[in-house]
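Coordinates from input07.cif are shown below (mmCIF, C-alpha atoms).
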data_my_file
loop_
_atom_site.label_atom_id
_atom_site.label_comp_id
_atom_site.auth_asym_id
_atom_site.auth_seq_id
_atom_site.Cartn_x
_atom_site.Cartn_y
_atom_site.Cartn_z
CA MET A 208 -20.14 9.44 15.76
CA THR A 209 -16.78 9.10 13.99
CA ASN A 210 -16.57 12.84 13.30
CA LEU A 211 -17.57 13.58 16.89
CA LEU A 212 -14.76 11.39 18.27
CA ILE A 213 -12.25 13.05 15.93
CA ARG A 214 -13.34 16.53 17.03
CA LEU A 215 -13.25 15.60 20.72
CA PHE A 216 -9.92 13.80 20.88
CA ILE A 217 -7.73 15.08 18.01
CA LYS A 218 -6.47 18.65 17.94
CA ASP A 219 -5.58 20.11 14.55
CA SER A 220 -7.06 16.98 12.94
CA GLU A 221 -6.53 18.23 9.37
CA ASN A 222 -2.75 18.54 9.78
CA ILE A 223 -2.19 14.88 8.86
CA LYS A 224 1.47 15.43 7.90
CA SER A 225 2.30 16.04 11.56
CA PRO A 226 3.65 12.92 13.34
CA ASP A 227 1.82 14.00 16.51
CA VAL A 228 -1.51 14.21 14.68
CA ARG A 229 -0.94 10.79 13.08
CA ARG A 230 -0.17 9.40 16.51
CA SER A 231 -3.40 10.93 17.86
CA TYR A 232 -5.41 9.27 15.10
CA GLY A 233 -3.68 5.97 15.82
CA THR A 234 -4.27 6.29 19.54
CA LEU A 235 -7.97 7.06 19.03
CA GLY A 236 -8.47 4.10 16.70
CA SER A 237 -6.57 1.73 18.96
CA VAL A 238 -8.32 2.73 22.22
CA VAL A 239 -11.79 2.52 20.65
CA GLY A 240 -10.92 -0.89 19.17
CA ILE A 241 -9.52 -2.23 22.43
CA ILE A 242 -12.60 -1.21 24.43
CA PHE A 243 -15.20 -2.61 22.01
CA ASN A 244 -13.29 -5.83 21.28
CA LEU A 245 -12.81 -6.58 24.98
CA ILE A 246 -16.54 -6.08 25.59
CA LEU A 247 -17.41 -8.37 22.68
CA ALA A 248 -14.83 -10.99 23.70
CA ILE A 249 -16.13 -11.24 27.26
CA GLY A 250 -19.78 -11.28 26.19
CA LYS A 251 -19.38 -13.86 23.41
CA TYR A 252 -17.13 -16.24 25.31
CA THR A 253 -19.34 -16.18 28.40
CA VAL A 254 -22.57 -16.81 26.49
CA GLY A 255 -20.92 -19.39 24.21
CA PHE A 256 -19.52 -21.26 27.23
CA LEU A 257 -22.91 -21.29 28.98
CA PHE A 258 -24.74 -22.78 25.96
CA GLY A 259 -21.98 -24.92 24.42
CA ALA A 260 -21.63 -22.88 21.23
CA ILE A 261 -18.07 -23.46 20.03
CA SER A 262 -18.36 -21.07 17.08
CA LEU A 263 -19.54 -18.32 19.44
CA MET A 264 -16.70 -19.00 21.89
CA ALA A 265 -14.23 -18.99 19.00
CA ASP A 266 -15.69 -15.73 17.78
CA GLY A 267 -15.10 -14.31 21.25
CA ILE A 268 -11.48 -15.46 21.20
CA ASN A 269 -11.18 -13.82 17.81
CA ASN A 270 -12.33 -10.54 19.37
CA LEU A 271 -9.79 -10.99 22.15
CA SER A 272 -7.03 -11.36 19.56
CA ASP A 273 -8.40 -8.23 17.87
CA ALA A 274 -7.94 -6.36 21.13
CA GLY A 275 -4.36 -7.64 21.24
CA SER A 276 -3.85 -6.47 17.65
CA GLN A 277 -5.12 -3.02 18.60
CA ILE A 278 -2.60 -2.88 21.41
CA ILE A 279 0.12 -3.64 18.86
CA SER A 280 -1.27 -0.88 16.63
CA PHE A 281 -1.24 1.53 19.58
CA ILE A 282 2.42 0.76 20.27
CA SER A 283 3.33 1.01 16.57
CA PHE A 284 1.84 4.51 16.24
CA LYS A 285 3.82 5.61 19.29
CA MET A 286 7.02 4.26 17.75
CA ALA A 287 6.25 5.56 14.23
CA ALA A 288 5.96 9.11 15.57
CA LYS A 289 9.55 9.08 16.84
CA PRO A 290 11.76 11.51 14.92
CA ALA A 291 14.65 10.40 12.72
CA ASP A 292 17.91 9.59 14.48
CA ARG A 293 21.42 8.51 13.55
CA ASP A 294 20.46 4.83 13.24
CA HIS A 295 17.18 5.57 11.42
CA PRO A 296 17.79 8.67 9.26
CA PHE A 297 14.46 8.24 7.44
CA GLY A 298 12.35 8.03 10.58
CA HIS A 299 10.38 5.15 12.06
CA ALA A 300 7.14 5.27 10.02
CA ARG A 301 7.75 1.82 8.47
CA ILE A 302 7.09 0.26 11.88
CA GLU A 303 3.41 0.44 10.86
CA TYR A 304 4.11 -2.17 8.17
CA VAL A 305 5.68 -4.46 10.74
CA ALA A 306 2.64 -4.00 13.00
CA SER A 307 0.32 -4.86 10.08
CA MET A 308 2.24 -8.08 9.52
CA ILE A 309 1.92 -9.01 13.21
CA VAL A 310 -1.84 -8.36 13.02
CA SER A 311 -2.06 -10.69 10.01
CA PHE A 312 -0.30 -13.46 11.97
CA PHE A 313 -2.84 -13.03 14.79
CA ILE A 314 -5.66 -13.41 12.28
CA LEU A 315 -4.14 -16.57 10.76
CA LEU A 316 -3.65 -18.08 14.22
CA VAL A 317 -7.30 -17.45 15.11
CA SER A 318 -8.48 -19.04 11.86
CA TRP A 319 -6.42 -22.17 12.59
CA ASN A 320 -7.76 -22.53 16.14
CA LEU A 321 -11.34 -22.04 14.94
CA LEU A 322 -10.87 -24.65 12.22
CA SER A 323 -9.52 -27.18 14.74
CA ASP A 324 -12.40 -26.62 17.20
CA SER A 325 -15.00 -26.80 14.44
CA LEU A 326 -13.63 -30.09 13.08
CA GLU A 327 -13.63 -31.52 16.60
CA LYS A 328 -17.32 -30.67 17.02
CA ILE A 329 -18.25 -32.22 13.65
CA LEU A 330 -16.32 -35.43 14.43
CA ASP A 331 -17.68 -35.69 17.99
CA PRO A 332 -21.51 -35.46 17.85
CA GLU A 333 -21.72 -35.62 21.65
CA ILE A 334 -20.58 -31.98 21.73
CA THR A 335 -23.99 -30.29 21.41
CA THR A 336 -25.24 -26.72 21.29
CA GLU A 337 -28.06 -25.35 23.44
CA PHE A 338 -30.08 -22.60 21.77
CA SER A 339 -30.75 -19.30 23.51
CA TRP A 340 -32.16 -16.01 22.24
CA LEU A 341 -29.48 -14.35 24.34
CA MET A 342 -26.93 -15.73 21.86
CA ILE A 343 -28.88 -14.20 18.96
CA ILE A 344 -28.93 -10.80 20.67
CA VAL A 345 -25.20 -10.93 21.43
CA LEU A 346 -24.40 -11.94 17.85
CA GLY A 347 -26.67 -9.27 16.35
CA VAL A 348 -25.14 -6.52 18.47
CA SER A 349 -21.65 -7.81 17.59
CA VAL A 350 -22.33 -7.59 13.84
CA ILE A 351 -23.50 -3.98 14.18
CA ILE A 352 -20.48 -3.00 16.29
CA LYS A 353 -18.02 -4.72 13.93
CA LEU A 354 -19.52 -3.04 10.87
CA TRP A 355 -19.19 0.33 12.59
CA LEU A 356 -15.58 -0.45 13.60
CA CYS A 357 -14.84 -1.30 9.95
CA TYR A 358 -16.27 2.06 8.85
CA PHE A 359 -14.52 3.88 11.70
CA ASN A 360 -11.09 2.42 10.99
CA ARG A 361 -11.49 2.89 7.23
CA ARG A 362 -12.28 6.58 7.78
CA LEU A 363 -9.20 7.03 9.96
CA ALA A 364 -7.04 5.02 7.54
CA ASP A 365 -8.12 7.20 4.62
CA LYS A 366 -7.38 10.32 6.66
CA ILE A 367 -3.77 9.42 7.40
CA ASN A 368 -3.06 6.67 4.83
CA SER A 369 -2.32 4.05 7.48
CA SER A 370 -1.69 0.42 6.51
CA VAL A 371 -2.31 -0.70 10.10
CA MET A 372 -5.77 0.87 10.17
CA LYS A 373 -6.60 -0.49 6.72
CA ALA A 374 -5.69 -3.95 8.02
CA THR A 375 -7.82 -3.40 11.12
CA ALA A 376 -10.77 -2.25 8.99
CA ALA A 377 -10.48 -5.36 6.81
CA ASP A 378 -10.27 -7.52 9.93
CA SER A 379 -13.41 -5.90 11.35
CA LEU A 380 -15.30 -6.57 8.12
CA SER A 381 -14.24 -10.22 8.09
CA ASP A 382 -15.30 -10.45 11.75
CA ALA A 383 -18.73 -9.06 10.87
CA ILE A 384 -19.10 -11.68 8.11
CA ALA A 385 -17.88 -14.43 10.44
CA THR A 386 -20.26 -13.42 13.22
CA SER A 387 -23.14 -13.25 10.74
CA ALA A 388 -22.34 -16.83 9.76
CA VAL A 389 -22.48 -17.92 13.40
CA LEU A 390 -25.79 -16.09 13.76
CA VAL A 391 -27.20 -17.98 10.77
CA ALA A 392 -26.01 -21.28 12.26
CA MET A 393 -27.81 -20.54 15.52
CA LEU A 394 -31.06 -19.72 13.71
CA VAL A 395 -30.80 -22.87 11.56
CA PHE A 396 -30.38 -24.91 14.73
CA LYS A 397 -33.42 -23.23 16.32
CA PHE A 398 -35.85 -23.80 13.45
CA THR A 399 -34.59 -27.08 11.94
CA GLY A 400 -32.83 -28.83 14.81
CA PHE A 401 -29.72 -29.28 12.65
CA ASP A 402 -26.60 -28.29 14.56
CA ALA A 403 -24.60 -26.42 11.89
CA ASP A 404 -22.31 -24.86 14.49
CA GLY A 405 -19.22 -26.87 13.49
CA TYR A 406 -19.76 -26.49 9.75
CA MET A 407 -20.34 -22.77 10.06
CA GLY A 408 -17.24 -22.55 12.21
CA ILE A 409 -15.22 -23.99 9.31
CA ALA A 410 -16.73 -21.42 6.94
CA VAL A 411 -15.87 -18.64 9.39
CA ALA A 412 -12.30 -19.97 9.70
CA VAL A 413 -11.88 -19.84 5.91
CA VAL A 414 -13.15 -16.24 5.75
CA ILE A 415 -10.78 -15.17 8.53
CA PHE A 416 -7.87 -17.03 6.89
CA ILE A 417 -8.42 -15.29 3.53
CA ALA A 418 -8.51 -11.89 5.28
CA GLY A 419 -5.25 -12.67 7.06
CA ILE A 420 -3.49 -13.78 3.87
CA LYS A 421 -4.66 -10.64 2.07
CA ILE A 422 -3.30 -8.33 4.77
CA LEU A 423 -0.04 -10.32 4.95
CA ASN A 424 0.44 -10.02 1.18
CA GLU A 425 -0.22 -6.27 1.13
CA THR A 426 2.16 -5.70 4.03
CA LYS A 427 4.82 -7.90 2.46
CA ASN A 428 4.68 -5.78 -0.71
CA ALA A 429 5.06 -2.57 1.29
CA ILE A 430 8.09 -3.92 3.15
CA LEU A 431 9.80 -5.38 0.07
CA GLY A 432 9.10 -2.29 -1.99
CA GLU A 433 6.32 -1.87 -4.53
CA SER A 434 5.63 0.27 -7.55
CA ALA A 435 4.93 3.93 -6.89
CA ASP A 436 1.42 5.19 -6.31
CA PRO A 437 0.22 6.41 -9.75
CA GLU A 438 -1.34 9.47 -8.11
CA VAL A 439 2.04 10.47 -6.65
CA VAL A 440 3.78 9.99 -10.01
CA GLU A 441 1.16 12.05 -11.85
CA SER A 442 1.27 14.80 -9.22
CA VAL A 443 5.07 15.07 -9.56
CA LYS A 444 4.82 15.18 -13.36
CA ARG A 445 2.12 17.85 -13.17
CA ILE A 446 4.26 20.15 -11.04
CA VAL A 447 7.35 19.66 -13.24
CA SER A 448 5.31 20.31 -16.41
CA GLU A 449 4.35 23.76 -15.09
CA PHE A 450 7.97 24.88 -15.61
CA PRO A 451 8.53 25.62 -19.35
CA ASP A 452 12.30 25.13 -19.09
CA ALA A 453 11.83 21.56 -17.83
CA LEU A 454 12.05 19.83 -21.22
CA GLY A 455 11.61 16.26 -20.06
CA ILE A 456 11.43 14.01 -17.03
CA HIS A 457 12.74 10.47 -16.61
CA ASP A 458 14.38 8.00 -14.21
CA MET A 459 11.85 8.80 -11.49
CA VAL A 460 12.16 6.58 -8.42
CA VAL A 461 9.75 6.88 -5.48
CA HIS A 462 11.04 5.66 -2.12
CA SER A 463 8.46 5.19 0.64
CA TYR A 464 9.70 5.01 4.21
CA GLY A 465 6.20 4.75 5.61
CA PRO A 466 3.18 7.05 5.54
CA GLY A 467 4.23 10.68 5.32
CA GLN A 468 7.84 9.76 4.49
CA THR A 469 8.23 9.78 0.69
CA ILE A 470 11.45 10.59 -1.15
CA VAL A 471 11.55 11.03 -4.92
CA THR A 472 14.62 11.06 -7.16
CA LEU A 473 14.31 12.05 -10.82
CA HIS A 474 16.14 13.52 -13.79
CA ILE A 475 14.94 16.64 -15.61
CA GLU A 476 16.21 17.56 -19.07
CA VAL A 477 17.20 21.21 -19.53
CA ASP A 478 18.55 23.27 -22.42
CA GLY A 479 22.34 22.90 -22.41
CA ASP A 480 22.73 26.47 -23.65
CA LYS A 481 20.82 27.92 -20.69
CA SER A 482 22.70 29.38 -17.74
CA VAL A 483 23.46 26.63 -15.23
CA PHE A 484 22.46 29.06 -12.49
CA ASP A 485 19.04 29.61 -14.07
CA SER A 486 18.49 25.87 -14.49
CA HIS A 487 19.59 25.22 -10.92
CA ASP A 488 17.20 27.91 -9.68
CA MET A 489 14.34 26.14 -11.49
CA ILE A 490 15.32 22.81 -9.91
CA ASP A 491 15.27 24.45 -6.48
CA MET A 492 11.77 25.79 -7.15
CA ILE A 493 10.51 22.38 -8.26
CA GLU A 494 11.94 20.70 -5.15
CA ARG A 495 10.33 23.36 -2.97
CA ARG A 496 6.90 22.89 -4.55
CA LEU A 497 7.09 19.11 -4.29
CA ASN A 498 7.75 19.52 -0.59
CA THR A 499 5.15 22.18 0.20
CA GLU A 500 2.35 20.81 -2.00
CA LEU A 501 2.89 17.05 -1.79
CA GLY A 502 4.96 16.66 1.37
CA ILE A 503 7.67 14.92 -0.70
CA GLN A 504 11.40 15.27 -0.27
CA SER A 505 13.09 15.22 -3.67
CA ASN A 506 16.53 14.95 -5.19
CA ILE A 507 16.61 16.17 -8.81
CA HIS A 508 19.42 15.67 -11.31
CA MET A 509 19.80 18.05 -14.28
CA ASP A 510 20.41 16.53 -17.71
CA PRO A 511 21.52 19.20 -20.23
CA ILE A 512 20.51 18.40 -23.81
CA VAL A 513 21.27 19.98 -27.18
CA THR A 514 18.31 21.94 -28.52
CA ASN A 515 19.84 24.19 -31.21
CA ASP A 516 21.37 21.53 -33.49
CA ALA A 517 18.93 20.56 -36.25
CA GLU A 518 20.62 17.22 -37.01
CA VAL A 519 20.70 16.19 -33.36
CA SER A 520 17.05 17.19 -32.84
CA HIS A 521 16.03 15.35 -36.02
CA MET A 522 17.85 12.14 -35.08
CA ARG A 523 16.43 12.27 -31.56
CA GLU A 524 12.90 12.17 -32.98
CA VAL A 525 13.82 9.59 -35.63
CA THR A 526 15.31 7.36 -32.96
CA ARG A 527 12.28 7.79 -30.72
CA GLY A 528 10.02 6.80 -33.60
CA LEU A 529 12.07 3.70 -34.47
CA VAL A 530 12.07 2.62 -30.83
CA LYS A 531 8.30 3.04 -30.50
CA GLU A 532 7.80 0.90 -33.60
CA ILE A 533 9.12 -1.99 -31.51
CA ASP A 534 6.70 -1.28 -28.68
CA GLU A 535 4.62 1.85 -28.11
CA ARG A 536 5.48 1.78 -24.40
CA LEU A 537 9.19 2.33 -25.09
CA ASP A 538 10.75 5.80 -24.91
CA ILE A 539 14.23 7.36 -24.99
CA HIS A 540 16.02 10.01 -22.96
CA ASP A 541 19.53 11.39 -22.34
CA PHE A 542 20.07 11.45 -26.09
CA ARG A 543 23.59 12.45 -27.20
CA PHE A 544 25.07 12.70 -30.67
CA VAL A 545 28.85 12.16 -30.90
CA ARG A 546 30.28 12.69 -34.40
CA GLY A 547 33.41 10.82 -35.47
CA VAL A 548 35.56 10.41 -38.58
CA THR A 549 34.21 7.02 -39.66
CA HIS A 550 30.91 6.85 -37.76
CA THR A 551 28.62 8.70 -35.37
CA ASN A 552 27.57 7.35 -31.95
CA LEU A 553 23.96 7.75 -30.86
CA ILE A 554 24.08 7.46 -27.08
CA PHE A 555 20.77 7.24 -25.21
CA ASP A 556 18.80 5.48 -22.49
CA ILE A 557 15.64 3.48 -23.17
CA SER A 558 12.72 3.35 -20.74
CA ALA A 559 11.18 -0.14 -21.01
CA PRO A 560 8.32 -1.56 -18.91
CA PHE A 561 8.92 -4.67 -16.83
CA GLU A 562 6.07 -6.30 -18.77
CA LEU A 563 8.07 -6.19 -22.04
CA LYS A 564 8.96 -9.82 -22.78
CA MET A 565 11.97 -8.98 -24.94
CA SER A 566 15.28 -9.28 -23.10
CA ASP A 567 17.51 -6.23 -22.72
CA ASN A 568 20.11 -7.76 -25.04
CA ASP A 569 17.54 -8.56 -27.76
CA LEU A 570 16.05 -5.09 -27.44
CA LYS A 571 19.47 -3.47 -27.92
CA LYS A 572 20.16 -5.63 -30.98
CA GLU A 573 16.80 -4.77 -32.54
CA ILE A 574 17.29 -1.04 -31.99
CA ASP A 575 20.82 -1.24 -33.41
CA ARG A 576 19.48 -3.07 -36.49
CA ARG A 577 16.80 -0.47 -37.14
CA ILE A 578 19.20 2.46 -36.70
CA SER A 579 21.71 0.81 -39.07
CA GLN A 580 18.98 0.39 -41.68
CA HIS A 581 18.26 4.10 -41.38
CA ASN A 582 21.95 5.04 -41.65
CA SER A 583 24.80 2.52 -41.59
CA GLU A 584 27.21 5.15 -40.25
CA TYR A 585 25.19 5.49 -37.02
CA PHE A 586 26.18 3.22 -34.12
CA THR A 587 24.09 2.94 -30.96
CA VAL A 588 25.29 2.95 -27.36
CA THR A 589 22.23 2.21 -25.24
CA THR A 590 21.25 1.64 -21.61
CA ILE A 591 17.96 -0.06 -20.71
CA ASP A 592 15.98 1.33 -17.76
CA ARG A 593 13.20 -1.00 -16.65
CA THR A 594 10.30 0.96 -15.20
#
Let me see the file written as structure tokens.
Amino acid sequence: MTNLLIRLFIKDSENIKSPDVRRSYGTLGSVVGIIFNLILAIGKYTVGFLFGAISLMADGINNLSDAGSQIISFISFKMAAKPADRDHPFGHARIEYVASMIVSFFILLVSWNLLSDSLEKILDPEITTEFSWLMIIVLGVSVIIKLWLCYFNRRLADKINSSVMKATAADSLSDAIATSAVLVAMLVFKFTGFDADGYMGIAVAVVIFIAGIKILNETKNAILGESADPEVVESVKRIVSEFPDALGIHDMVVHSYGPGQTIVTLHIEVDGDKSVFDSHDMIDMIERRLNTELGIQSNIHMDPIVTNDAEVSHMREVTRGLVKEIDERLDIHDFRFVRGVTHTNLIFDISAPFELKMSDNDLKKEIDRRISQHNSEYFTVTTIDRT
């Protein structure tokens, strides 16, 4: 059914880099979600009201909030598709992250209301539930629909890498679990006479709350800025490695301005004796391939290095080895060798992971000590790059 809906309502569905196609996917997901959640909300609330099932009524309100969330998603996809302008030179795609955060707040609000209603029912035994097989049918159908909506939104999210749709898929799954819990409570009441409606409502509220916190945390990371997708990093390195004159790559920074809006800056080491025009031509080719193959805009800086001086090449490798003795994850780049009358300066940058417990100052001192032990006439001038 998912593939059928995509074929019917999305033209050029494979061109996911197009803002119009992304908007079409978002519109499809939002409209489908709005329709089904409104149907479920009306059905659950009506049946829950008729038979005094608070957890069922709360589940219906949850579906109503889901419909509201889908409306927010619909608006966010419309806004995200707007082209870049003077005030927003990198486009509007990050609006999806804001929409995801709003969805998470809706989810947390629903969990709080459900918790309050469930506690009230437990503390006031006069609030009773009347069993009806109609409730079981409504709940069973709801679980099936929510599981399909989870699958549907996950498929669309994977197609266009949408944080909003991933959040919606997670919400649908938590709804399916929550509704299943209500269904179990109704069956327990039927066959044992024990009214577990309030207790199950608390369990449902906890499940919904955890889902909301998870979405909020993921969205917060996207807005604040998170580490680059390893697949993106490896793809960039693969393309650069296909150029023999690209001798090294470092200082890569990946900036994400929302799905489909990725900018990469990096440094590439080149032979200092090569023609600057030839090296620049290679850089142009790399930037072109990154754009055409990965959809990434890039800004590449050339770092010329000495390759035909035996002493410089030897000390570069010696220094790299000494640095890696401290921690295998360390590496060096931008290595320069400046000879003087009384001493020689080894000038280089060190790539160090954030996980390295040693402070930058201690790391510099340790490297300086090891280089001095190798040759007391060598001084180090280092810069630490945390990656």
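The two atoms in question, CA of Thr551 in chain A and CA of Val588 in chain A, are spaced 10.4 Å apart.
Straight-line separation from CA of Met509 in chain A to CA of Ile470 in chain A: 17.3 Å.
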Enumerate, as an MDAnalysis selection string, the protein, DNA and RNA residues whose atoms approach (23.9, 6.2, -30.4) to within 7 Å, taking into account only C-alpha atoms and the coordinate frame of the file.
chainID A and resid 544 552:555 585:589
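Between Gly465 in chain A and the residues A:Thr594, A:Thr526, A:Ser558, A:Ser370, the shortest atom-to-atom distance, using all atoms listed in the file, involves A:Ser370.
Here CA of Ile512 in chain A and CA of Asp480 in chain A stand 8.4 Å from one another.
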Got a sec to write range 445-458 of chain A of the block to a file, N, CA and C atoms, as a PDB file, in the first residue's frame?
ATOM      1  N   ARG A 445      36.562   8.475   0.488  1.00  0.00           N
ATOM      2  CA  ARG A 445      36.683   7.551  -0.651  1.00  0.00           C
ATOM      3  C   ARG A 445      36.899   8.320  -1.950  1.00  0.00           C
ATOM      4  N   ILE A 446      36.115   9.371  -2.153  1.00  0.00           N
ATOM      5  CA  ILE A 446      36.240  10.156  -3.385  1.00  0.00           C
ATOM      6  C   ILE A 446      37.601  10.847  -3.439  1.00  0.00           C
ATOM      7  N   VAL A 447      38.051  11.427  -2.332  1.00  0.00           N
ATOM      8  CA  VAL A 447      39.358  12.104  -2.312  1.00  0.00           C
ATOM      9  C   VAL A 447      40.479  11.107  -2.585  1.00  0.00           C
ATOM     10  N   SER A 448      40.368   9.893  -2.031  1.00  0.00           N
ATOM     11  CA  SER A 448      41.430   8.895  -2.190  1.00  0.00           C
ATOM     12  C   SER A 448      41.588   8.424  -3.628  1.00  0.00           C
ATOM     13  N   GLU A 449      40.594   8.658  -4.466  1.00  0.00           N
ATOM     14  CA  GLU A 449      40.669   8.245  -5.866  1.00  0.00           C
ATOM     15  C   GLU A 449      41.530   9.190  -6.705  1.00  0.00           C
ATOM     16  N   PHE A 450      42.017  10.266  -6.094  1.00  0.00           N
ATOM     17  CA  PHE A 450      42.905  11.217  -6.772  1.00  0.00           C
ATOM     18  C   PHE A 450      44.321  11.010  -6.231  1.00  0.00           C
ATOM     19  N   PRO A 451      45.235  10.445  -7.040  1.00  0.00           N
ATOM     20  CA  PRO A 451      46.590  10.120  -6.558  1.00  0.00           C
ATOM     21  C   PRO A 451      47.357  11.319  -6.022  1.00  0.00           C
ATOM     22  N   ASP A 452      47.082  12.512  -6.534  1.00  0.00           N
ATOM     23  CA  ASP A 452      47.831  13.692  -6.093  1.00  0.00           C
ATOM     24  C   ASP A 452      47.292  14.281  -4.799  1.00  0.00           C
ATOM     25  N   ALA A 453      46.197  13.710  -4.274  1.00  0.00           N
ATOM     26  CA  ALA A 453      45.707  14.114  -2.954  1.00  0.00           C
ATOM     27  C   ALA A 453      46.441  13.262  -1.924  1.00  0.00           C
ATOM     28  N   LEU A 454      47.458  13.846  -1.274  1.00  0.00           N
ATOM     29  CA  LEU A 454      48.375  13.075  -0.430  1.00  0.00           C
ATOM     30  C   LEU A 454      47.860  12.874   0.989  1.00  0.00           C
ATOM     31  N   GLY A 455      46.881  13.629   1.382  1.00  0.00           N
ATOM     32  CA  GLY A 455      46.347  13.486   2.736  1.00  0.00           C
ATOM     33  C   GLY A 455      45.123  14.353   2.916  1.00  0.00           C
ATOM     34  N   ILE A 456      44.312  14.010   3.890  1.00  0.00           N
ATOM     35  CA  ILE A 456      43.092  14.769   4.153  1.00  0.00           C
ATOM     36  C   ILE A 456      42.958  14.976   5.659  1.00  0.00           C
ATOM     37  N   HIS A 457      42.601  16.182   6.069  1.00  0.00           N
ATOM     38  CA  HIS A 457      42.458  16.455   7.496  1.00  0.00           C
ATOM     39  C   HIS A 457      41.561  17.679   7.685  1.00  0.00           C
ATOM     40  N   ASP A 458      41.306  17.996   8.953  1.00  0.00           N
ATOM     41  CA  ASP A 458      40.465  19.155   9.324  1.00  0.00           C
ATOM     42  C   ASP A 458      39.126  19.148   8.587  1.00  0.00           C
TER      43      ASP A 458
END
